[in-house]
Number of protein chains: 2
Amino acid sequence: MKVGDLSTPALLIDADALEHNLTTMARVHPGSRLRPHVKAHKCTSLAAEQRVHGHRSFTCATPREIIGMAAAGLGEDLLLANEVIDHSRLSAMAELQDASLITVAVDSQATIDAAARAGLKHVLIDVNVGLRRCGCKPSDAGHLADQARAKGLVVRGVMGYEGHVMAMPDRVEQRASVREAMEKLVVASLLAGGDIISAGGTDTFDLHDQVTEIQAGTYALMDTWYGNRGHPFRQACFVLATVISAQQDFAVGDAGLKTQGMDHGKPSIEGMKVLGVSDEHITFTSPTAMAVGDRVKVIPAHIDPTMAMHEVAWLVRGDDVIDRWPIDLRGW
Amino acid sequence: MKVGDLSTPALLIDADALEHNLTTMARVHPGSRLRPHVKAHKCTSLAAEQRVHGHRSFTCATPREIIGMAAAGLGEDLLLANEVIDHSRLSAMAELQDASLITVAVDSQATIDAAARAGLKHVLIDVNVGLRRCGCKPSDAGHLADQARAKGLVVRGVMGYEGHVMAMPDRVEQRASVREAMEKLVVASLLAGGDIISAGGTDTFDLHDQVTEIQAGTYALMDTWYGNRGHPFRQACFVLATVISAQQDFAVGDAGLKTQGMDHGKPSIEGMKVLGVSDEHITFTSPTAMAVGDRVKVIPAHIDPTMAMHEVAWLVRGDDVIDRWPIDLRGW
C-alpha cells in the first residue's frame with residue numbers, strides 16, 4: 001500500500017525518523033537507564049521497537065497501559081508512574097504479577113493501602129520535586145516507605161517528575177533547576193531506600209546525573225513543543241490530511257482538533273501558515289495554490305493526546321506504507 | 001449501579017438535564033426544523049433520544065457518523081455537512097441508500113464529481129457565509145447546482161454555517177451578523193434551488209428567521225464555552241474524577257487532557273479553581289480540604305472533542321447509573 005492510498009485523517013509514523021530517535025536515545029541511555037514512557041504513544045508495536053533497542057523496563061500512566069503491555073509480552077518491568085486507588089483496576093494489575101513485574105507509584109497512606117489491599121507487591125515512592133501535581137514531600141518519603149513495608153510491599157525506590165522545568169528557555173538555568181529538583185529526590189531516596197531513582201523526560205534527558213533511570217516518551221515521535229529545543233530527535237509523527245476545500249486565499253484540510261491535541265496550541269504544516277483548527281478541519285495558507293485532493297502532513301503540537309485520539313498509526317517509509325500499528329493502549 | 005461504583009475518569013450524562021435540553025429545543029424547533037448535529041455527542045443512543053423528541057433528520061460531520069447512524073436505524077434523513085472526496089468512504093455511504101436518505105455537502109466541481117462517481121444521489125450546496133472554512137461563494141451556488149444536476153445528482157438545497165459569529169459578546173450585534181450571513185445563504189438558495197436552507201448552531205439557535213432548519217449539537221450536553229451565554233440549556237455532561245493525591249494547598253484528580261478537549265481552554269469544577277491540566281491529571285484548589293478518594297465533576301470547556309475521547313458515557317440520575325451509552329460514532 002502507498003501513503004496516497006490511505007483514507008484521511010491518518011496518523012503516520014516515519015519509520016526512518018523513529019529508528020533514528022530510538023537509536024539516538026539508546027546510545028545516550030542504554031538498557032535500563034531509560035524507562036520509556038508509553039503514555040506518549042500508547043502503542044505496543046512501538047514499545048516492542050523500544051525493546052529491540054535494549055529497553056526492557058517501561059513507564060505507564062494508566063492501568064490499561066500496564067495491562068496492555070503485559071498482554072503484549074512487554075511486562076518484564078512495568079512502572080505505573082501514577083497514583084491509582086481503584087480496587088478493580090489495581091486488582092486487574094495484581095493478577096498479572098505471576099508473569100510480569102509491576103510496580104505502582106504511591107504518595108500517601110491511602111494509595112499504599114489500596115495497592116496492598118489489591119495484592120500488588122512492588123511500589124515506588126512518588127516524590128514532589130517542584131511540579132504542582134502528585135508526590136509526597138521529600139521529607140515524608142522515609143515514613144511512607146516504612147508504611148509500605150509494614151503492609152508487606154517491596155519499596156523499589158523513588159520517582160519524582162520535574163515537569164515544572166520542562167521547556168525552560170535557558171538550558172543552563174534548566175540544568176541548574178533539574179539539579180535542584182533531583183537533590184530533593186536523592187534526599188527522598190536516602191530516606192526511602194530501594195535501588196531506583198526515576199525521573200526525567202525528553203526535554204531533560206541529557207541534564208541528569210543523579211538518577212538511575214530516565215522516563216522519556218516524546219523522544220520517539222516528537223512534536224512541535226519539544227521539536228524546537230535543539231534535541232537530536234526528528235519529527236517522526238504526522239497527521240496526514242486531504243485538502244477538501246480550496247479557496248482563492250486559503251485551503252481546508254480534513255484533520256481537525258479531534259485528530260490532535262490542542263493544549264500546546266495549534267499544530268503546524270511545514271512551509272504553510274495554519275490559520276485555525278476546528279472539530280474536523282484545519283485551515284491554512286500556502287505559498288502555492290492548493291487543489292482539492294492535495295495532501296499535507298500536519299505536525300502535532302503535543303504528541304501524547306494526539307496518539308490517544310487515533311485507533312491506528314501507519315508506519316511509512318517514503319511513499320510506502322510498511323505496517324499498521326494499532327494504538328492499543330488508549331483509555332484507562 | 002451507583003455513580004460511586006464507576007471507575008474514573010468516567011463520562012457522565014445527567015439524564016434530567018439532557019431531557020430538559022432536548023425538550024426545550026424541541027419546543028423551539030420541533031421536528032424537521034432542527035437537524036441535530038451528532039458530531040457534538042457521537043452517540044447513537046443519544047441520537048435516538050433526539051428522535052424520540054421528534055427530530056427525524058440528523059447532521060453528521062464524518063462518513064463514520066453517517067454509517068453508524070444508518071446502522072442504528074436512524075438513517076431517515078442524514079446530512080454529511082462536510083466535504084469528502086475519499087472514494088471508499090463515499091461508496092460506503094452510497095451503499096446505504098436503499099434504506100437511508102443520505103445527502104452530502106459539496107462546494108466544488110471536485111466534490112461533486114466524487115459524490116457522483118461513488119453513486120451518491122443527493123447533495124446540498126455548501127456556501128461560505130463568512131466563516132473561513134469550507135463552502136463556495138454565494139454567487140457560485142447556482143453554477144455548482146447546475147453541475148451537480150448535470151451529473152445526475154438531486155440538489156436538495158443549500159447549507160452555510162455562520163461559525164464566525166458564534167460566541168459574540170453582544171447578542172444584538174450577533175443577531176445582525178446572523179442576518180447578514182443568512183442573506184448570503186438565501187441568495188445562494190435562490191440560485192441553487194432545492195427546498196433546504198440549513199444553518200445555525202446552538203449559540204444562534206434563537207436568532208434565525210430565514211432558514212428551514214437549524215444544525216445544533218452542543219445544546220444536548222452543553223459545555224462552559226456556550227454555558228455562560230444565557231441559553232435555556234443546562235450542563236448535562238461531566239467528567240467524573242477521583243482525587244488521587246491531596247496536598248495541603250491543592251488536590252489532583254484523575255481526569256486529564258486525554259479526557260476532555262482543551263481547545264477552548266481549561267475545564268471547570270464548580271466551586272473550585274482549576275490550576276492546571278496535564279495528560280492524566282487535573283490540579284485544583286478547593287475551599288474545603290479534599291481527601292484521596294473524593295470525587296469531583298469536571299465540566300468540559302468544549303463538548304465535541306470531549307465526547308470523541310471516551311468509549312462510553314454513563315447516563316445517571318442523582319446517584320444512580322441508569323444506562324451505559326457507547327460513544328459509537330468516534331473516528332472517521
# chains A, B, ... in the order shown; residues from 1 in each chain; ligands from 1
>>> residues_around(residues="Ser32 (chain B)", least_positions_apart="2", cutoff="9 Å", atoms="only C-alpha atoms", output="list of chain:residue names")
B:His29, B:Pro30, B:Leu34, B:Arg35, B:Gly54, B:His55, B:Arg56, B:Ser57, B:Thr212, B:Glu213, B:Ile214
>>> closest_atom_pairs(of="chain B", to="chain A", cutoff="7 Å", atoms="only C-alpha atoms", output="JSON lines")
{"residue": "B:Ser7", "atom": "CA", "partner": "A:Asp86", "partner_atom": "CA", "distance": 6.6}
{"residue": "B:Glu83", "atom": "CA", "partner": "A:Ile244", "partner_atom": "CA", "distance": 5.8}
{"residue": "B:Val84", "atom": "CA", "partner": "A:Ile244", "partner_atom": "CA", "distance": 6.3}
{"residue": "B:Ile85", "atom": "CA", "partner": "A:Ile244", "partner_atom": "CA", "distance": 6.8}
{"residue": "B:Asp86", "atom": "CA", "partner": "A:Ser7", "partner_atom": "CA", "distance": 6.6}
{"residue": "B:Ala110", "atom": "CA", "partner": "A:Val292", "partner_atom": "CA", "distance": 6.7}
{"residue": "B:Arg133", "atom": "CA", "partner": "A:Val252", "partner_atom": "CA", "distance": 6.3}
{"residue": "B:Cys134", "atom": "CA", "partner": "A:Ser245", "partner_atom": "CA", "distance": 5.6}
{"residue": "B:Ile244", "atom": "CA", "partner": "A:Glu83", "partner_atom": "CA", "distance": 5.8}
{"residue": "B:Ser245", "atom": "CA", "partner": "A:Cys134", "partner_atom": "CA", "distance": 5.6}
{"residue": "B:Val252", "atom": "CA", "partner": "A:Arg133", "partner_atom": "CA", "distance": 6.2}
{"residue": "B:Lys258", "atom": "CA", "partner": "A:Pro305", "partner_atom": "CA", "distance": 5.5}
{"residue": "B:Met262", "atom": "CA", "partner": "A:Asp263", "partner_atom": "CA", "distance": 5.3}
{"residue": "B:Asp263", "atom": "CA", "partner": "A:Met262", "partner_atom": "CA", "distance": 5.3}
{"residue": "B:Asp279", "atom": "CA", "partner": "A:Pro305", "partner_atom": "CA", "distance": 7.0}
{"residue": "B:Thr283", "atom": "CA", "partner": "A:Arg133", "partner_atom": "CA", "distance": 6.5}
{"residue": "B:Val292", "atom": "CA", "partner": "A:Ala110", "partner_atom": "CA", "distance": 6.7}
{"residue": "B:Pro305", "atom": "CA", "partner": "A:Lys258", "partner_atom": "CA", "distance": 5.5}
{"residue": "B:Ala308", "atom": "CA", "partner": "A:Lys258", "partner_atom": "CA", "distance": 7.0}
{"residue": "B:Met309", "atom": "CA", "partner": "A:Met309", "partner_atom": "CA", "distance": 6.5}
>>> residues_around(residues="Leu18 (chain A)", least_positions_apart="2", cutoff="7 Å", atoms="only C-alpha atoms", output="PyMOL selection string")
chain A and resi 14-16+20-22+220-221+236
>>> write_last_selection(atoms="C-alpha atoms", output="mmCIF file, in the first residue's frame")
data_model
loop_
_atom_site.group_PDB
_atom_site.id
_atom_site.type_symbol
_atom_site.label_atom_id
_atom_site.label_comp_id
_atom_site.auth_asym_id
_atom_site.auth_seq_id
_atom_site.Cartn_x
_atom_site.Cartn_y
_atom_site.Cartn_z
ATOM 1 C CA ASP A 14 8.050 7.845 9.673
ATOM 2 C CA ALA A 15 9.973 4.584 10.155
ATOM 3 C CA ASP A 16 13.395 6.102 9.499
ATOM 4 C CA HIS A 20 16.897 7.463 14.331
ATOM 5 C CA ASN A 21 15.216 8.638 17.531
ATOM 6 C CA LEU A 22 15.260 5.217 19.192
ATOM 7 C CA ALA A 220 10.306 8.507 19.915
ATOM 8 C CA LEU A 221 7.804 10.502 17.834
ATOM 9 C CA ALA A 236 8.514 11.117 13.290
#
>>> residues_around(residues="Glu270 (chain A)", least_positions_apart="3", cutoff="12 Å", atoms="only C-alpha atoms", output="VMD selection string")
chain A and resid 224 235 238 267 273 to 274 284 to 287 296 to 300
>>> write_last_selection(atoms="C-alpha atoms", output="mmCIF file, in the first residue's frame")
data_model
loop_
_atom_site.group_PDB
_atom_site.id
_atom_site.type_symbol
_atom_site.label_atom_id
_atom_site.label_comp_id
_atom_site.auth_asym_id
_atom_site.auth_seq_id
_atom_site.Cartn_x
_atom_site.Cartn_y
_atom_site.Cartn_z
ATOM 1 C CA THR A 224 6.446 20.928 17.879
ATOM 2 C CA GLN A 235 9.796 14.658 13.886
ATOM 3 C CA PHE A 238 2.309 13.401 11.330
ATOM 4 C CA PRO A 267 -0.387 22.200 15.032
ATOM 5 C CA LYS A 273 0.612 29.019 7.910
ATOM 6 C CA VAL A 274 -2.116 27.395 9.982
ATOM 7 C CA PHE A 284 -4.164 27.161 6.259
ATOM 8 C CA THR A 285 -2.478 29.328 3.693
ATOM 9 C CA SER A 286 0.108 28.050 1.272
ATOM 10 C CA PRO A 287 2.744 29.823 -0.827
ATOM 11 C CA VAL A 296 -0.458 17.826 3.653
ATOM 12 C CA LYS A 297 1.346 16.473 6.704
ATOM 13 C CA VAL A 298 0.278 18.166 9.910
ATOM 14 C CA ILE A 299 2.784 18.188 12.783
ATOM 15 C CA PRO A 300 1.091 17.865 16.178
#
>>> select_by_dssp(residues="region 190-236 of chain A", states="helix (DSSP H, G or I)", output="ChimeraX atom specification")
/A:190-192,202-204,218-220,224-227
>>> write_last_selection(atoms="N, CA and C atoms", output="PDB file, in the first residue's frame")
ATOM      1  N   LEU A 190      17.408   8.471  49.926  1.00  0.00           N
ATOM      2  CA  LEU A 190      18.156   8.071  51.127  1.00  0.00           C
ATOM      3  C   LEU A 190      17.197   7.717  52.258  1.00  0.00           C
ATOM      4  N   LEU A 191      16.093   8.449  52.346  1.00  0.00           N
ATOM      5  CA  LEU A 191      15.103   8.185  53.393  1.00  0.00           C
ATOM      6  C   LEU A 191      14.290   6.929  53.106  1.00  0.00           C
ATOM      7  N   ALA A 192      13.938   6.731  51.831  1.00  0.00           N
ATOM      8  CA  ALA A 192      13.011   5.655  51.474  1.00  0.00           C
ATOM      9  C   ALA A 192      13.707   4.320  51.231  1.00  0.00           C
ATOM     10  N   THR A 202      11.775  13.838  28.039  1.00  0.00           N
ATOM     11  CA  THR A 202      12.522  14.090  26.811  1.00  0.00           C
ATOM     12  C   THR A 202      13.285  15.412  26.874  1.00  0.00           C
ATOM     13  N   ASP A 203      12.659  16.440  27.435  1.00  0.00           N
ATOM     14  CA  ASP A 203      13.303  17.753  27.392  1.00  0.00           C
ATOM     15  C   ASP A 203      14.474  17.876  28.366  1.00  0.00           C
ATOM     16  N   THR A 204      14.588  16.947  29.316  1.00  0.00           N
ATOM     17  CA  THR A 204      15.718  16.989  30.258  1.00  0.00           C
ATOM     18  C   THR A 204      16.556  15.712  30.179  1.00  0.00           C
ATOM     19  N   THR A 218       8.269  11.291  24.698  1.00  0.00           N
ATOM     20  CA  THR A 218       8.088  12.083  23.476  1.00  0.00           C
ATOM     21  C   THR A 218       9.185  11.832  22.445  1.00  0.00           C
ATOM     22  N   TYR A 219      10.402  11.548  22.909  1.00  0.00           N
ATOM     23  CA  TYR A 219      11.562  11.441  22.014  1.00  0.00           C
ATOM     24  C   TYR A 219      11.331  10.517  20.824  1.00  0.00           C
ATOM     25  N   ALA A 220      10.492   9.488  20.993  1.00  0.00           N
ATOM     26  CA  ALA A 220      10.306   8.507  19.915  1.00  0.00           C
ATOM     27  C   ALA A 220       9.615   9.119  18.701  1.00  0.00           C
ATOM     28  N   THR A 224       5.871  19.584  18.042  1.00  0.00           N
ATOM     29  CA  THR A 224       6.446  20.928  17.879  1.00  0.00           C
ATOM     30  C   THR A 224       6.835  21.536  19.228  1.00  0.00           C
ATOM     31  N   TRP A 225       6.219  21.070  20.315  1.00  0.00           N
ATOM     32  CA  TRP A 225       6.509  21.617  21.654  1.00  0.00           C
ATOM     33  C   TRP A 225       7.969  21.386  22.033  1.00  0.00           C
ATOM     34  N   TYR A 226       8.457  20.191  21.789  1.00  0.00           N
ATOM     35  CA  TYR A 226       9.859  19.873  22.088  1.00  0.00           C
ATOM     36  C   TYR A 226      10.734  19.928  20.823  1.00  0.00           C
ATOM     37  N   GLY A 227      10.108  20.067  19.682  1.00  0.00           N
ATOM     38  CA  GLY A 227      10.838  19.966  18.419  1.00  0.00           C
ATOM     39  C   GLY A 227      11.786  21.112  18.144  1.00  0.00           C
TER      40      GLY A 227
END
>>> select_by_dssp(residues="region 171-248 of chain B", states="strand (DSSP E or B)", output="PyMOL selection string")
chain B and resi 196-199+213-214+237-246
>>> write_last_selection(atoms="C-alpha atoms", output="compact mmCIF listing (two decimals), in the first residue's frame")
# COMPACT_ATOMS: atom_id res chain seq x y z
CA ILE B 196 -33.50 23.14 2.22
CA ILE B 197 -31.77 26.15 3.75
CA SER B 198 -29.69 24.69 6.57
CA ALA B 199 -27.52 26.66 9.02
CA GLU B 213 -33.62 24.06 9.63
CA ILE B 214 -31.04 24.55 12.38
CA CYS B 237 -22.21 16.25 30.75
CA PHE B 238 -19.36 15.88 33.22
CA VAL B 239 -16.09 14.02 33.50
CA LEU B 240 -16.13 12.33 36.89
CA ALA B 241 -12.69 12.36 38.53
CA THR B 242 -11.28 10.79 41.66
CA VAL B 243 -8.84 12.68 43.85
CA ILE B 244 -5.68 10.56 43.72
CA SER B 245 -3.37 12.93 45.56
CA ALA B 246 -4.26 15.58 48.13
>>> residues_around(residues="Met166 (chain A)", least_positions_apart="5", cutoff="12 Å", atoms="only C-alpha atoms", output="ChimeraX atom specification")
/A:130-131,161,171,173-175,177-178,181,200-205,207,216,225-226,229
>>> write_last_selection(atoms="N, CA and C atoms", output="mmCIF file, in the first residue's frame")
data_model
loop_
_atom_site.group_PDB
_atom_site.id
_atom_site.type_symbol
_atom_site.label_atom_id
_atom_site.label_comp_id
_atom_site.auth_asym_id
_atom_site.auth_seq_id
_atom_site.Cartn_x
_atom_site.Cartn_y
_atom_site.Cartn_z
ATOM 1 N N GLY A 130 8.794 19.626 42.898
ATOM 2 C CA GLY A 130 8.570 21.013 42.495
ATOM 3 C C GLY A 130 7.380 21.210 41.578
ATOM 4 N N LEU A 131 6.984 20.162 40.858
ATOM 5 C CA LEU A 131 5.807 20.247 39.996
ATOM 6 C C LEU A 131 4.562 20.170 40.866
ATOM 7 N N TYR A 161 8.952 13.515 39.108
ATOM 8 C CA TYR A 161 8.976 14.120 37.776
ATOM 9 C C TYR A 161 9.137 15.638 37.891
ATOM 10 N N ARG A 171 18.898 26.775 28.804
ATOM 11 C CA ARG A 171 19.248 25.398 29.164
ATOM 12 C C ARG A 171 20.228 25.333 30.336
ATOM 13 N N GLU A 173 20.163 27.409 32.927
ATOM 14 C CA GLU A 173 19.253 27.529 34.078
ATOM 15 C C GLU A 173 18.456 26.249 34.277
ATOM 16 N N GLN A 174 18.053 25.639 33.159
ATOM 17 C CA GLN A 174 17.261 24.418 33.248
ATOM 18 C C GLN A 174 18.073 23.307 33.917
ATOM 19 N N ARG A 175 19.353 23.232 33.537
ATOM 20 C CA ARG A 175 20.205 22.206 34.153
ATOM 21 C C ARG A 175 20.296 22.421 35.670
ATOM 22 N N SER A 177 18.096 23.884 37.503
ATOM 23 C CA SER A 177 16.786 23.576 38.088
ATOM 24 C C SER A 177 16.582 22.070 38.214
ATOM 25 N N VAL A 178 17.054 21.332 37.215
ATOM 26 C CA VAL A 178 16.980 19.871 37.294
ATOM 27 C C VAL A 178 17.799 19.390 38.493
ATOM 28 N N ALA A 181 15.977 20.069 41.705
ATOM 29 C CA ALA A 181 14.849 19.147 41.891
ATOM 30 C C ALA A 181 15.356 17.748 42.265
ATOM 31 N N GLY A 200 12.801 12.496 35.064
ATOM 32 C CA GLY A 200 13.167 12.974 33.744
ATOM 33 C C GLY A 200 12.089 12.844 32.692
ATOM 34 N N GLY A 201 12.414 13.442 31.565
ATOM 35 C CA GLY A 201 11.544 13.418 30.402
ATOM 36 C C GLY A 201 12.385 13.770 29.199
ATOM 37 N N THR A 202 11.775 13.838 28.039
ATOM 38 C CA THR A 202 12.522 14.090 26.811
ATOM 39 C C THR A 202 13.285 15.412 26.874
ATOM 40 N N ASP A 203 12.659 16.440 27.435
ATOM 41 C CA ASP A 203 13.303 17.753 27.392
ATOM 42 C C ASP A 203 14.474 17.876 28.366
ATOM 43 N N THR A 204 14.588 16.947 29.316
ATOM 44 C CA THR A 204 15.718 16.989 30.258
ATOM 45 C C THR A 204 16.556 15.712 30.179
ATOM 46 N N PHE A 205 16.380 14.971 29.078
ATOM 47 C CA PHE A 205 17.026 13.642 29.006
ATOM 48 C C PHE A 205 18.541 13.714 29.164
ATOM 49 N N LEU A 207 20.206 16.124 30.946
ATOM 50 C CA LEU A 207 20.565 17.035 32.044
ATOM 51 C C LEU A 207 20.661 16.330 33.391
ATOM 52 N N ALA A 216 11.495 8.956 29.634
ATOM 53 C CA ALA A 216 11.195 9.800 28.466
ATOM 54 C C ALA A 216 10.236 9.084 27.527
ATOM 55 N N TRP A 225 6.219 21.070 20.315
ATOM 56 C CA TRP A 225 6.509 21.617 21.654
ATOM 57 C C TRP A 225 7.969 21.386 22.033
ATOM 58 N N TYR A 226 8.457 20.191 21.789
ATOM 59 C CA TYR A 226 9.859 19.873 22.088
ATOM 60 C C TYR A 226 10.734 19.928 20.823
ATOM 61 N N ARG A 229 13.688 22.559 20.475
ATOM 62 C CA ARG A 229 14.519 22.683 21.676
ATOM 63 C C ARG A 229 15.969 22.266 21.418
#
>>> atom_distance(atom1="CA of Gly75 (chain B)", atom2="CA of Gln50 (chain B)")
13.1 Å
>>> closest_residue(among="B:His231, B:Pro36, B:Ile112, B:Ile125", to="Ala167 (chain B)", atoms="only C-alpha atoms")
B:His231
>>> closest_residue(among="B:Arg27, B:His302, B:His208, B:Asp195", to="Glu180 (chain B)", atoms="only C-alpha atoms")
B:His208
>>> atom_distance(atom1="CA of Phe233 (chain A)", atom2="CA of Gly31 (chain A)")
18.3 Å
>>> residues_around(residues="region 66-70 of chain A", least_positions_apart="5", cutoff="10 Å", atoms="only C-alpha atoms", output="ChimeraX atom specification")
/A:38,42-45,47-48,58-61,75-80,89,92-97,99-104,328-330,332
